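Single-structure report; data block below.
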Amino acid sequence: MPPVNNLVVIAAAGIFLLLPSTSTLTPATISTAQVTVLGIGTLLGVAVQTAGLWPAARRVGLRWRWRFDLHALHLGHLARLAGWLLCFVAVGQVGVLVVLALVKAAGDRGAPGVFIYNNGWLMLMMGATASRPCPSSPPCSPA
């Protein structure tokens, strides 16, 4: 039932647009009524989607029950995995710091510097390199 969620949120956006406001919306000029409409509209969208999916979940046999047997959660195993994850993140952050130090040193010598590195990293995160249109006329094929 995700389309129902979309319809509820679109209706909330329509009500938001009908509310009186200034010509340009900024965080400083948005009214309490507008924030309330956005919050309630989003909450209702999630509630409607949940209500729509509940019967389907019951049909496939999903039964929600509280469980208090913490031993079945294998918390020790989860803690070890979390430790490895934190080590992975720490090593990655050390790598970022090293790269930024090198880029800053290069920038001090006249190279493009940190800005061009940050711009390239942002393009990588946004997928700009993968989503550019193909220059040829035939349909694009995955490389």
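The way I read the labels, and the way they are meant: chains A, B, ... in the order of the structure tokens, residue 1 as the first residue of every chain, and ligand 1 as the first ligand shown, with later ones counted on from there.
Excluding segment 19-22 of chain A itself and same-chain residues fewer than 5 positions from it, the residues having an atom within 9 Å of it are A:Gly14, A:Thr29, A:Ile30, A:Ser31, A:Ala33, A:Gln34, counting only C-alpha atoms.
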Backbone-only DSSP, alpha helix (DSSP H) members of segment 24-122 of chain A, as a ChimeraX atom specification
/A:32-59,75-108,114-122
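For segment 48-58 of chain A, the set of protein, DNA and RNA residues having any atom at most 12 Å away, when counting only C-alpha atoms and skipping those fewer than 6 positions along the same chain, is Met1, Pro2, Pro3, Val4, Asn5, Asn6, Leu7, Val8, Val9, Ile40, Gly41, Thr42 and Trp64 of chain A.
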Would you mind exporting the chosen residues as an mmCIF file, in the first residue's frame, restricted to C-alpha atoms?
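Just written: out-v2.cif:
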```cif
data_model
loop_
_atom_site.group_PDB
_atom_site.id
_atom_site.type_symbol
_atom_site.label_atom_id
_atom_site.label_comp_id
_atom_site.auth_asym_id
_atom_site.auth_seq_id
_atom_site.Cartn_x
_atom_site.Cartn_y
_atom_site.Cartn_z
ATOM 1 C CA MET A 1 0.000 0.000 0.000
ATOM 2 C CA PRO A 2 2.849 2.495 -0.533
ATOM 3 C CA PRO A 3 0.777 4.420 -3.112
ATOM 4 C CA VAL A 4 -1.716 5.270 -0.353
ATOM 5 C CA ASN A 5 1.149 6.731 1.697
ATOM 6 C CA ASN A 6 2.159 8.825 -1.311
ATOM 7 C CA LEU A 7 -1.402 10.086 -1.757
ATOM 8 C CA VAL A 8 -1.647 11.116 1.896
ATOM 9 C CA VAL A 9 1.697 12.932 1.787
ATOM 10 C CA ILE A 40 0.776 15.384 10.770
ATOM 11 C CA GLY A 41 0.733 14.609 7.033
ATOM 12 C CA THR A 42 3.922 12.571 7.281
ATOM 13 C CA TRP A 64 3.823 -10.105 16.740
#
```
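Pairwise distance (atom CA of Arg80 of chain A, atom CA of Val98 of chain A) equals 27.3 Å.
Of the residues listed (A:Val103, A:Leu75, A:Val37, A:Ala111), A:Val37 shows the shortest atom-to-atom separation from Ile15 of chain A; distances use only C-alpha atoms.
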Do you have the atom CA of Leu70 of chain A-atom CA of Ala82 of chain A distance handy?
17.4 Å
Report, in Å with one decimal, the straight-line distance from atom CA of Leu78 of chain A to atom CA of Val60 of chain A.
28.7 Å
